[in-house]
Each structure stands twice: as C-alpha cells, then as structure tokens.
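Participant: This one is work.txt, compact mmCIF, C-alpha atoms and all ligand atoms.
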```txt
# COMPACT_ATOMS: atom_id res chain seq x y z
CA MET A 28 -4.36 20.40 -16.00
CA LYS A 29 -6.45 19.76 -12.88
CA ALA A 30 -4.66 18.45 -9.76
CA ALA A 31 -5.23 18.07 -6.02
CA VAL A 32 -2.75 20.57 -4.59
CA ARG A 33 -1.59 21.45 -1.09
CA THR A 34 0.97 24.08 -0.19
CA SER A 35 1.25 23.38 3.54
CA TYR A 36 1.23 20.39 5.87
CA GLY A 37 -2.03 19.85 7.71
CA PRO A 38 -5.48 18.23 7.85
CA PRO A 39 -7.41 17.02 4.79
CA ASP A 40 -8.74 20.48 3.93
CA VAL A 41 -5.27 21.84 3.10
CA VAL A 42 -5.91 20.03 -0.21
CA ARG A 43 -7.79 21.87 -3.00
CA ILE A 44 -8.36 21.31 -6.70
CA ALA A 45 -6.34 23.75 -8.82
CA GLU A 46 -5.02 24.27 -12.35
CA VAL A 47 -1.29 23.50 -12.57
CA ASP A 48 1.21 23.07 -15.41
CA ARG A 49 1.02 19.75 -17.17
CA PRO A 50 4.31 17.79 -16.82
CA THR A 51 6.24 16.68 -19.89
CA ALA A 52 7.99 13.36 -20.45
CA LYS A 53 11.78 13.70 -20.35
CA ASP A 54 13.89 11.44 -22.60
CA ASN A 55 13.62 8.39 -20.36
CA GLN A 56 10.08 9.06 -19.10
CA VAL A 57 6.49 8.35 -20.09
CA LEU A 58 3.58 10.75 -19.62
CA VAL A 59 0.51 9.04 -18.12
CA LYS A 60 -3.01 10.40 -18.51
CA VAL A 61 -4.27 9.32 -15.09
CA HIS A 62 -7.75 7.77 -15.09
CA ALA A 63 -7.76 6.48 -11.50
CA THR A 64 -5.65 6.86 -8.39
CA THR A 65 -6.09 6.20 -4.65
CA VAL A 66 -5.88 7.98 -1.33
CA ASN A 67 -3.84 5.80 1.00
CA ARG A 68 -2.06 6.00 4.35
CA THR A 69 1.17 7.12 2.68
CA ASP A 70 -0.63 10.14 1.14
CA CYS A 71 -2.17 10.92 4.54
CA GLY A 72 1.20 10.82 6.32
CA PHE A 73 2.96 13.03 3.78
CA ARG A 74 0.01 15.45 3.61
CA ALA A 75 -0.04 15.86 7.39
CA GLY A 76 3.77 15.81 7.68
CA LYS A 77 3.49 13.08 10.34
CA PRO A 78 5.66 11.47 11.56
CA PHE A 79 7.85 14.56 11.45
CA PHE A 80 10.76 12.87 9.62
CA VAL A 81 8.69 12.69 6.41
CA ARG A 82 9.15 16.48 6.16
CA LEU A 83 12.89 15.86 5.70
CA LEU A 84 11.95 14.06 2.49
CA THR A 85 9.33 16.45 1.12
CA GLY A 86 10.42 19.86 2.39
CA LEU A 87 10.90 22.07 5.44
CA PRO A 88 9.12 24.20 6.59
CA GLN A 89 6.68 24.01 3.62
CA PRO A 90 6.27 20.95 1.38
CA ARG A 91 8.15 21.04 -1.93
CA VAL A 92 5.88 18.22 -3.07
CA THR A 93 2.54 19.91 -3.70
CA VAL A 94 0.73 17.13 -5.61
CA LEU A 95 0.51 13.83 -3.70
CA GLY A 96 -0.71 10.45 -4.97
CA THR A 97 1.28 7.23 -5.31
CA GLU A 98 -0.89 4.70 -7.16
CA PHE A 99 -2.16 5.23 -10.67
CA ALA A 100 -3.76 3.60 -13.67
CA GLY A 101 -4.11 5.35 -16.99
CA THR A 102 -3.11 5.56 -20.63
CA LEU A 103 0.21 6.64 -22.09
CA GLU A 104 -0.20 10.09 -23.61
CA ALA A 105 3.44 10.55 -24.69
CA VAL A 106 6.80 8.80 -24.37
CA GLY A 107 10.28 10.36 -24.22
CA ARG A 108 12.80 9.90 -27.05
CA GLY A 109 14.72 7.20 -25.18
CA VAL A 110 11.68 5.09 -24.27
CA THR A 111 11.73 1.61 -25.78
CA SER A 112 9.59 -0.45 -23.39
CA PHE A 113 6.23 1.35 -23.78
CA ARG A 114 4.11 2.82 -26.59
CA VAL A 115 1.68 5.74 -26.68
CA GLY A 116 -1.89 4.55 -26.02
CA GLU A 117 -0.95 1.59 -23.80
CA ARG A 118 -2.93 1.12 -20.56
CA VAL A 119 -0.52 1.14 -17.62
CA PHE A 120 -0.61 1.04 -13.82
CA GLY A 121 2.00 1.49 -11.13
CA PHE A 122 3.37 3.21 -8.07
CA LYS A 123 5.08 6.56 -7.77
CA GLY A 124 6.80 7.05 -4.41
CA LEU A 125 8.72 10.27 -3.93
CA PRO A 126 8.11 12.71 -5.63
CA PHE A 127 4.44 11.54 -5.84
CA GLY A 128 2.16 13.26 -8.41
CA ALA A 129 -0.67 10.80 -9.16
CA HIS A 130 -3.47 13.05 -7.80
CA ALA A 131 -3.52 14.87 -11.14
CA GLU A 132 -4.77 14.49 -14.69
CA TYR A 133 -1.23 13.80 -15.97
CA MET A 134 1.98 12.54 -14.38
CA ALA A 135 5.43 11.60 -15.69
CA ILE A 136 7.38 8.53 -14.55
CA PRO A 137 10.65 6.91 -15.75
CA GLN A 138 10.13 3.94 -18.08
CA ASP A 139 12.16 1.81 -15.64
CA GLY A 140 10.05 2.97 -12.66
CA PHE A 141 7.38 0.93 -10.87
CA LEU A 142 5.24 0.65 -13.99
CA ALA A 143 3.67 -2.13 -16.09
CA THR A 144 0.98 -2.56 -18.71
CA MET A 145 -2.46 -3.38 -17.28
CA PRO A 146 -4.10 -6.79 -17.61
CA ALA A 147 -6.76 -6.43 -20.31
CA HIS A 148 -9.68 -7.57 -18.15
CA LEU A 149 -9.26 -4.89 -15.48
CA SER A 150 -10.75 -1.40 -15.41
CA PHE A 151 -8.57 1.56 -14.41
CA GLU A 152 -10.35 1.72 -11.06
CA GLU A 153 -9.61 -1.96 -10.41
CA ALA A 154 -5.93 -1.66 -11.36
CA ALA A 155 -5.09 1.59 -9.54
CA PRO A 156 -5.23 0.17 -5.99
CA SER A 157 -2.87 -2.75 -6.75
CA THR A 158 0.50 -1.31 -5.83
CA GLU A 159 0.68 0.59 -2.54
CA GLY A 160 -0.52 -1.61 0.34
CA SER A 161 0.27 -4.64 -1.80
CA HIS A 162 3.91 -3.71 -2.42
CA TYR A 163 4.48 -3.09 1.29
CA ALA A 164 2.92 -6.51 1.92
CA LEU A 165 5.04 -8.20 -0.75
CA ALA A 166 8.25 -6.54 0.44
CA LEU A 167 7.65 -7.84 3.98
CA ILE A 168 6.72 -11.34 2.77
CA ARG A 169 9.83 -11.52 0.59
CA LYS A 170 11.98 -10.24 3.44
CA ALA A 171 10.81 -13.16 5.61
CA LYS A 172 11.33 -15.58 2.66
CA VAL A 173 7.92 -17.18 3.26
CA ARG A 174 7.65 -20.63 1.71
CA SER A 175 4.84 -22.94 0.73
CA GLY A 176 3.40 -24.86 3.70
CA GLN A 177 4.48 -22.32 6.32
CA ASN A 178 2.01 -20.97 8.85
CA ALA A 179 1.39 -17.22 8.75
CA LEU A 180 -0.83 -14.93 10.80
CA VAL A 181 -1.96 -11.55 9.43
CA TYR A 182 -3.16 -9.02 12.01
CA GLY A 183 -5.35 -6.35 10.39
CA ALA A 184 -6.44 -8.43 7.41
CA THR A 185 -8.94 -5.86 6.10
CA GLY A 186 -6.46 -2.99 5.59
CA ALA A 187 -4.74 -2.25 2.29
CA ILE A 188 -1.56 -4.02 3.42
CA GLY A 189 -3.35 -6.82 5.30
CA SER A 190 -5.85 -7.71 2.55
CA ALA A 191 -3.01 -7.91 0.03
CA ALA A 192 -0.83 -9.90 2.46
CA VAL A 193 -3.50 -12.59 2.94
CA GLN A 194 -3.84 -13.09 -0.83
CA LEU A 195 -0.11 -12.98 -1.59
CA LEU A 196 0.69 -15.44 1.23
CA LYS A 197 -1.98 -17.82 -0.09
CA GLN A 198 -0.52 -17.46 -3.58
CA LEU A 199 2.84 -18.63 -2.17
CA GLY A 200 1.16 -21.66 -0.61
CA ALA A 201 1.26 -20.52 3.03
CA LYS A 202 -1.48 -21.46 5.51
CA VAL A 203 -3.01 -18.18 6.62
CA THR A 204 -4.79 -17.21 9.82
CA ALA A 205 -6.30 -13.72 9.49
CA VAL A 206 -7.35 -11.39 12.31
CA CYS A 207 -10.18 -8.96 11.56
CA GLY A 208 -13.41 -7.46 12.89
CA PRO A 209 -16.63 -9.55 13.21
CA GLU A 210 -18.41 -8.04 10.19
CA HIS A 211 -15.57 -8.98 7.83
CA LEU A 212 -14.96 -12.63 8.77
CA GLU A 213 -16.77 -13.91 5.68
CA LEU A 214 -15.03 -11.45 3.35
CA VAL A 215 -11.59 -12.42 4.64
CA LYS A 216 -12.28 -16.15 4.39
CA GLY A 217 -14.45 -16.19 1.28
CA CYS A 218 -12.92 -13.44 -0.90
CA LEU A 219 -9.34 -13.19 0.34
CA GLY A 220 -8.96 -16.94 0.94
CA ALA A 221 -7.74 -17.07 4.56
CA ASP A 222 -7.73 -20.62 5.95
CA ARG A 223 -8.77 -19.50 9.40
CA VAL A 224 -10.09 -16.25 10.86
CA ILE A 225 -9.96 -14.74 14.34
CA ASP A 226 -12.43 -12.03 15.37
CA TYR A 227 -10.34 -9.51 17.30
CA THR A 228 -13.38 -8.36 19.29
CA ALA A 229 -14.06 -11.89 20.56
CA GLN A 230 -10.56 -13.25 21.09
CA ASP A 231 -7.09 -11.96 21.91
CA PHE A 232 -5.15 -13.38 18.95
CA THR A 233 -1.89 -13.25 20.92
CA ARG A 234 -3.32 -16.05 23.13
CA ASP A 235 -3.92 -18.32 20.10
CA ALA A 236 -2.73 -21.90 20.63
CA GLN A 237 -1.25 -22.27 17.13
CA ARG A 238 2.41 -21.43 16.44
CA TYR A 239 3.47 -19.49 13.34
CA ASP A 240 6.53 -19.13 11.13
CA VAL A 241 5.48 -15.55 10.41
CA VAL A 242 3.30 -13.01 12.20
CA LEU A 243 2.60 -9.95 10.05
CA ASP A 244 1.15 -6.94 11.87
CA ALA A 245 -0.42 -4.92 9.06
CA VAL A 246 -2.02 -2.28 11.29
CA GLY A 247 0.81 -1.50 13.70
CA LYS A 248 -1.28 -2.23 16.79
CA SER A 249 0.66 -5.14 18.29
CA SER A 250 4.25 -5.56 19.41
CA PHE A 251 7.00 -8.15 19.13
CA LEU A 252 6.79 -8.62 22.88
CA ARG A 253 3.09 -9.54 22.71
CA CYS A 254 3.42 -11.71 19.60
CA ARG A 255 6.68 -13.49 20.52
CA ARG A 256 4.92 -16.49 22.04
CA LEU A 257 3.01 -17.07 18.79
CA LEU A 258 6.23 -17.62 16.85
CA GLN A 259 7.94 -20.95 16.17
CA PRO A 260 11.63 -21.02 17.08
CA GLY A 261 13.31 -18.92 14.37
CA GLY A 262 9.95 -17.36 13.47
CA VAL A 263 9.68 -13.82 12.10
CA TYR A 264 7.60 -10.87 13.33
CA LEU A 265 6.91 -8.43 10.48
CA SER A 266 5.43 -4.98 10.96
CA SER A 267 4.23 -2.22 8.65
CA GLU A 268 5.16 0.30 11.39
CA PHE A 269 8.28 1.32 13.32
CA GLY A 270 6.18 1.26 16.53
CA PRO A 271 5.32 4.12 18.91
CA LEU A 272 8.89 4.36 20.25
CA SER A 273 10.50 3.23 16.95
CA GLN A 274 11.23 0.01 18.84
CA ASN A 275 10.74 -2.18 15.76
CA LEU A 276 13.64 -0.39 14.09
CA VAL A 277 15.94 -1.22 17.01
CA LEU A 278 14.60 -4.78 17.30
CA ALA A 279 15.10 -5.36 13.56
CA LEU A 280 18.80 -4.56 14.09
CA ILE A 281 19.29 -6.48 17.34
CA THR A 282 17.16 -9.64 17.08
CA PRO A 283 18.97 -11.18 14.05
CA LEU A 284 22.27 -10.98 16.00
CA ARG A 285 20.88 -13.13 18.83
CA GLY A 286 19.48 -15.89 16.60
CA GLY A 287 15.99 -17.24 17.34
CA LYS A 288 12.82 -15.18 16.85
CA ARG A 289 13.39 -12.04 14.78
CA VAL A 290 11.79 -8.73 13.85
CA MET A 291 11.89 -7.56 10.24
CA LEU A 292 10.77 -4.31 8.62
CA ASN A 293 10.55 -3.13 5.06
CA LEU A 294 13.36 -0.60 4.72
CA GLY A 295 14.24 -1.48 1.15
CA ARG A 296 13.85 0.60 -1.98
CA ASP A 297 10.89 0.07 -4.29
CA ASP A 298 11.68 -2.69 -6.73
CA PRO A 299 10.43 -1.87 -10.26
CA GLY A 300 10.22 -5.63 -10.97
CA MET A 301 7.31 -5.76 -8.53
CA ALA A 302 5.07 -4.05 -11.11
CA ARG A 303 5.51 -7.04 -13.43
CA TYR A 304 4.87 -9.41 -10.51
CA PHE A 305 1.59 -7.62 -9.74
CA ARG A 306 0.66 -7.72 -13.41
CA GLU A 307 1.08 -11.52 -13.33
CA VAL A 308 -0.93 -12.11 -10.15
CA LEU A 309 -3.68 -9.75 -11.31
CA GLU A 310 -3.73 -11.51 -14.67
CA SER A 311 -3.98 -14.97 -13.08
CA GLY A 312 -6.60 -13.83 -10.55
CA ALA A 313 -4.38 -14.78 -7.58
CA PHE A 314 -4.60 -11.17 -6.38
CA ARG A 315 -7.48 -8.74 -6.57
CA PRO A 316 -7.22 -5.48 -4.61
CA LEU A 317 -10.06 -4.98 -2.16
CA ILE A 318 -11.96 -1.78 -2.96
CA ASP A 319 -14.02 0.09 -0.41
CA ARG A 320 -15.29 3.55 -1.42
CA ARG A 321 -14.82 5.46 -4.68
CA TYR A 322 -14.62 9.24 -4.96
CA ARG A 323 -14.14 11.75 -7.79
CA LEU A 324 -10.99 13.90 -7.83
CA ASP A 325 -13.01 16.95 -6.74
CA GLU A 326 -14.15 14.94 -3.67
CA ILE A 327 -10.60 14.09 -2.60
CA VAL A 328 -10.84 15.91 0.75
CA GLU A 329 -13.70 13.55 1.68
CA ALA A 330 -11.57 10.60 0.59
CA TYR A 331 -8.75 11.74 2.91
CA ARG A 332 -11.19 12.13 5.80
CA TYR A 333 -12.49 8.62 5.29
CA VAL A 334 -9.03 7.01 5.02
CA GLU A 335 -8.06 8.73 8.25
CA THR A 336 -10.88 7.06 10.16
CA GLY A 337 -8.63 3.95 10.08
CA GLN A 338 -11.68 1.89 9.12
CA LYS A 339 -11.41 1.57 5.38
CA ILE A 340 -11.71 -1.92 3.98
CA GLY A 341 -8.80 -2.36 1.59
CA ASN A 342 -8.48 0.64 -0.66
CA VAL A 343 -10.13 3.96 -1.48
CA VAL A 344 -10.18 4.78 -5.18
CA VAL A 345 -10.30 8.24 -6.76
CA SER A 346 -11.59 8.58 -10.33
CA VAL A 347 -9.65 11.30 -12.10
CA ASP A 348 -11.48 10.74 -15.37
CA PRO A 349 -14.90 9.30 -14.38
CA SER A 350 -15.92 8.98 -18.06
CA THR A 351 -13.62 5.91 -18.34
CA SER A 352 -14.58 4.24 -15.07
N1 LIG B 401 5.76 1.16 6.49
C1 LIG B 401 5.23 1.91 5.53
O1 LIG B 401 5.88 2.39 4.66
C2 LIG B 401 3.75 2.13 5.55
C3 LIG B 401 3.10 2.55 4.42
C4 LIG B 401 1.73 2.66 4.43
C5 LIG B 401 1.06 2.41 5.61
N2 LIG B 401 1.75 2.08 6.72
C6 LIG B 401 1.08 1.82 7.99
O2 LIG B 401 0.55 0.51 7.92
C7 LIG B 401 -0.69 0.46 8.59
C8 LIG B 401 -1.71 -0.16 7.69
O3 LIG B 401 -1.95 0.64 6.57
P1 LIG B 401 -3.20 0.30 5.66
O4 LIG B 401 -3.33 1.34 4.63
O5 LIG B 401 -3.12 -1.13 5.26
O6 LIG B 401 -4.31 0.44 6.80
P2 LIG B 401 -5.80 0.72 6.67
O7 LIG B 401 -6.28 0.20 5.36
O8 LIG B 401 -6.06 2.12 7.06
O9 LIG B 401 -6.32 -0.26 7.84
C9 LIG B 401 -7.62 -0.13 8.23
C10 LIG B 401 -8.16 -1.50 8.51
O10 LIG B 401 -7.54 -2.02 9.67
C11 LIG B 401 -8.50 -2.69 10.45
N3 LIG B 401 -8.17 -2.61 11.86
C12 LIG B 401 -8.07 -1.50 12.61
N4 LIG B 401 -7.76 -1.82 13.86
C13 LIG B 401 -7.67 -3.17 13.91
C14 LIG B 401 -7.38 -4.10 14.93
N5 LIG B 401 -7.09 -3.71 16.17
N6 LIG B 401 -7.37 -5.41 14.61
C15 LIG B 401 -7.63 -5.82 13.37
N7 LIG B 401 -7.93 -4.99 12.37
C16 LIG B 401 -7.95 -3.68 12.62
C17 LIG B 401 -9.79 -1.94 10.20
O11 LIG B 401 -10.87 -2.85 10.34
P3 LIG B 401 -11.97 -2.60 11.49
O12 LIG B 401 -12.71 -1.36 11.11
O13 LIG B 401 -12.76 -3.86 11.47
O14 LIG B 401 -11.19 -2.44 12.76
C18 LIG B 401 -9.64 -1.47 8.74
O15 LIG B 401 -10.24 -2.36 7.83
C19 LIG B 401 -1.04 1.88 9.01
O16 LIG B 401 -0.81 1.99 10.39
C20 LIG B 401 -0.11 2.74 8.22
O17 LIG B 401 0.28 3.91 8.90
C21 LIG B 401 3.07 1.89 6.72
```
Do you think you could lay out the structure here as structure tokens?
Ligand SMILES: NC(=O)c1ccc[n+]([C@@H]2O[C@H](COP(=O)([O-])OP(=O)(O)OC[C@H]3O[C@@H](n4cnc5c(N)ncnc54)[C@H](OP(=O)(O)O)[C@@H]3O)[C@@H](O)[C@H]2O)c1

Facilitator:
Amino acid sequence: MKAAVRTSYGPPDVVRIAEVDRPTAKDNQVLVKVHATTVNRTDCGFRAGKPFFVRLLTGLPQPRVTVLGTEFAGTLEAVGRGVTSFRVGERVFGFKGLPFGAHAEYMAIPQDGFLATMPAHLSFEEAAPSTEGSHYALALIRKAKVRSGQNALVYGATGAIGSAAVQLLKQLGAKVTAVCGPEHLELVKGCLGADRVIDYTAQDFTRDAQRYDVVLDAVGKSSFLRCRRLLQPGGVYLSSEFGPLSQNLVLALITPLRGGKRVMLNLGRDDPGMARYFREVLESGAFRPLIDRRYRLDEIVEAYRYVETGQKIGNVVVSVDPSTS
C-alpha cells in the first residue's frame, strides 16, 4: 500500500511517499481503508521530534514510528475475529494517537479505540478533521467542568483547537468571547457562533474589562500571569501548551493547592467515548470542523509546510483516496 513515510526526525521533506506492507486486523482490531486524513500540529511535532521528549515516545535516535497521521475517515475493509461492534463496509472516523498510522491507504485500530461510525450526511473529508484539535479542546473544557451560562474566553479561535473550543463551549451553553485576527472576525462570530469577538491586532485581550470563569489559550501564546486578571475568583486558565519553560505544568500542580484561580492542562489519556460524543455533535450540527486547505497524499510535504506556518484556519485535510472525496 501507499503511505507517507519518514525514517528520521526533521523538516517536512523527510517525508516521502513509499510502498509499505499493508497492516492486518488482529482479533480485536478493524482494518480501515483510509479515504481522508489530516496534517496537524501533533504530526508536525512528532515528525520534527520537537519538543525533544516526544522522541522518548516514538524512538531514539531514529523514529520507530515511520508512518504518522492521527485523524482518519474511511471504510472498514476487514474486522478481526473478536470484533462485535463494527461491520465490514461501515464508514468510520476517529483518532489514532501513538502509534499513529493514518497517513496511509490502510490502518488498523482496536474496536474499542477512538473510533465511531460516521454521520451519514458527512463526506470523508468533512469527518476526518473532527477528532484531533477538537478532542484536545473537549478534554480541556471537561477538565474545567464548564457549565451553561458561564463566561469563557478562547484565545486563538481560528486554530484547530480554538475553532472546536468555541463551538463546543457554545454547545454547552457558555457565553463565548473569541480572540482572532481581523480577517476572521466574521467567520468566528457567524460560523463558529462566538457571542463576542476581539481582534488581537487592535486590542490587547488581557486588558478586557469582562471577567471570565474560563480562559482557554488555544495557541500557547499567553500566560497565566498575563491572563490572571481576566479570571473570576476560582476561575480556570486552560492551555494547549506546557509553556516555554514548562511553567504551566508546574502551575497546574501548585495552583489547585492554594485555592482561587487555577491552571489546568490536558494530561489525561484519550477517552474512546469521545468518538461517540463527536458523532452526536456532528450529527446534530452543533459542531462542524473548520477546513482550510485540502491536499492529496502525494502533496503531503506541502501540507506539512503550510501547517507549520502557524496560520492555518482550523484544519488541513489530506485526501488519501481522492476518487471518494
Ligand atoms: N497539548 C497538546 O497535546 C497539543 C496538541 C496539538 C497542538 N498543541 C498546540 O496547541 C496549539 C494550537 O494548535 P492548533 O493546531 O489548534 O493551532 P493552529 O491551527 O496551527 O493555530 C493557527 C491559528 O492560530 C491563530 N493565531 C496565531 N497566533 C495568534 C495570536 N497571537 N492570537 C490569536 N490567534 C492566533 C492563527 O490565526 P492568524 O493567522 O489570524 O494569526 C491561525 O488561525 C499549538 O501551539 C500546538 O503546538 C498542543
């Protein structure tokens, strides 16, 4: 089968298209014929081997994981003997963290992994980008136990995590202020449903007069120190990043002990039940992943380069089988 392969850590052009062995479904696994996948920030980090600790997970000094790719949508080609929840031919989507493998024509995943059947009205390319940024967003929102009526601010509302966070917070009934660039104000208000928007080129959002129950930094460019004054007493600062000095990790341990304003990170394991949650919100229309550019699998190096500009709007989709797009 065709796959995007890399055998060393490095820049986008360490990745090339090659023929590799097709995986098989073990007893408890399903074999997915991948129609669409994405290139996201997780793929970029593990491809580059940055931050360095990711190499402890995927191999030192060379990567053991040669085919990256976390998000997928496709059809079930085969199921293992012990599989009872899925049938051959079903359209599925999901997320494959370690050991990756979605940048390929076929991939295997346990039936109890982050996997669900696709809502009928979605194409593969629409379903594939629904689980990476969005599950980081959901994990953070759940961690802070956001409730209906609470005030939330999302910094970086046009990223994969931020654009999902705005929609998922709205779905929970929160009042959302979103911070984004000037050319995306209408998109964030009109399409994503933010109640209020702040243009980060015109206004320093950390000087905003409103107070929030939750501030979610979805681009890792703020700090608890700068955002503290925005929080209500007992408010929560959430971040998709550890911070340049890993300070968010330390603060997430210390701040809950002191009471008052707290820092929280997503350090939890992927919850397979999230796949069913995303199926429901996709089905109801409460969540629709934002899609920026689309590439073919043989253009994946270009997709990596674009994602690494840090300017993508939502998600970058890769068609593995363009005939079904
Ligand atoms: N914790 C984890 O496990 C994990 C996993 C994946 C990603 N991450 C991290 O989470 C962050 C977000 O990832 P992502 O994939 O959602 O990001 P992304 O899609 O690459 O974010 C890009 C978006 O952020 C916006 N942006 C950039 N600087 C901004 C600023 N100063 N203010 C407001 N918006 C800004 C850009 O809009 P403009 O062009 O308008 O600026 C662009 O639309 C990344 O730093 C990534 O490394 C963490």

Participant: Mind listing the residues within 9 Å of ligand LIG 401 (chain B), all atoms listed in the file counted, as JSON, numbers by chain?

Facilitator: {"A": [67, 68, 69, 70, 71, 72, 159, 160, 161, 163, 164, 181, 182, 183, 184, 185, 186, 187, 188, 189, 190, 191, 205, 206, 207, 208, 209, 210, 211, 226, 227, 228, 244, 245, 246, 247, 248, 249, 266, 267, 268, 269, 292, 293, 294, 334, 335, 336, 337, 338, 339, 340, 341, 342, 343]}

Participant: Would you work out the distance separating atom CA of A:Pro126 from atom CA of A:Ala155, expressed in Å to one decimal?

Facilitator: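 Separation of atom CA of A:Pro126 and atom CA of A:Ala155: 17.7 Å.
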
Participant: Measuring atom to atom with only C-alpha atoms, identify which of A:Ala166, A:Val57, A:Ala30, A:Leu195 is nearest to A:Pro137.

Facilitator: A:Val57

Participant: Can you tell me how far atom CA of A:Glu153 sits from atom CA of A:Leu243, in Å to one decimal?

Facilitator: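 Distance between the two atoms: 25.1 Å.
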
Participant: For each of A:Asn178, A:Thr102, A:Thr144, A:Asn55, take the minimum atom-to-atom distance to A:Gln259, counting all atoms listed in the file, then give the residue where this is smallest.

Facilitator: A:Asn178

Participant: Using only C-alpha atoms, which of the listed residues (A:Val345, A:Ala279, A:Val193, A:Ile136) sits closest to A:Arg321?

Facilitator: A:Val345

Participant: One number please: atom CA of A:Pro260 to atom CA of A:Thr233, in Å, one decimal.

Facilitator: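 Here the two named atoms are 16.1 Å from each other.
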
Participant: Choose the residue, out of A:Ser311, A:Asn275, A:Gln138, A:Gln237, that has the smallest atom-to-atom separation from A:Lys53; count all atoms listed in the file.

Facilitator: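 Among the listed residues, A:Gln138 lies closest to A:Lys53.
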
Participant: Please return the centre and edge lengths, in Å to one decimal, of a box with edges along x, y and z that contains all listed atoms of stretch 330-344 of chain A, widened by 6 Å on every side, as AutoDock Vina command-line options.

Facilitator:
```
--center_x -10.3 --center_y 4.9 --center_z 2.5 --size_x 16.4 --size_y 26.5 --size_z 27.3
```

Participant: From the options A:Leu258, A:Ala313, A:Ala52, A:Ala154, which residue's atoms come nearest to A:Gly200, counting only C-alpha atoms?

Facilitator: A:Ala313

Participant: If we count only C-alpha atoms, what is near stretch 34-47 of chain A at a cut-off of 12 Å, once residues fewer than 5 positions away on the same chain are taken out, given as a ChimeraX atom specification?

Facilitator: /A:28-29,66,70-79,81-82,85-96,128,130-134,323-336,347

Participant: Neighbourhood query: residues within 12 Å of (5.8, 2.5, -12.0), file coordinates, counting all atoms listed in the file; return as a ChimeraX atom specification.

Facilitator: /A:56-59,97-101,113,119-125,127-129,134-145,155,157-159,162,297-303,305-306

Participant: Identify which of the residues A:Gly220, A:Pro156, A:Gly176, A:Gly107 lies closest to A:Asp240, counting all atoms listed in the file when measuring atom-to-atom distances.

Facilitator: A:Gly176
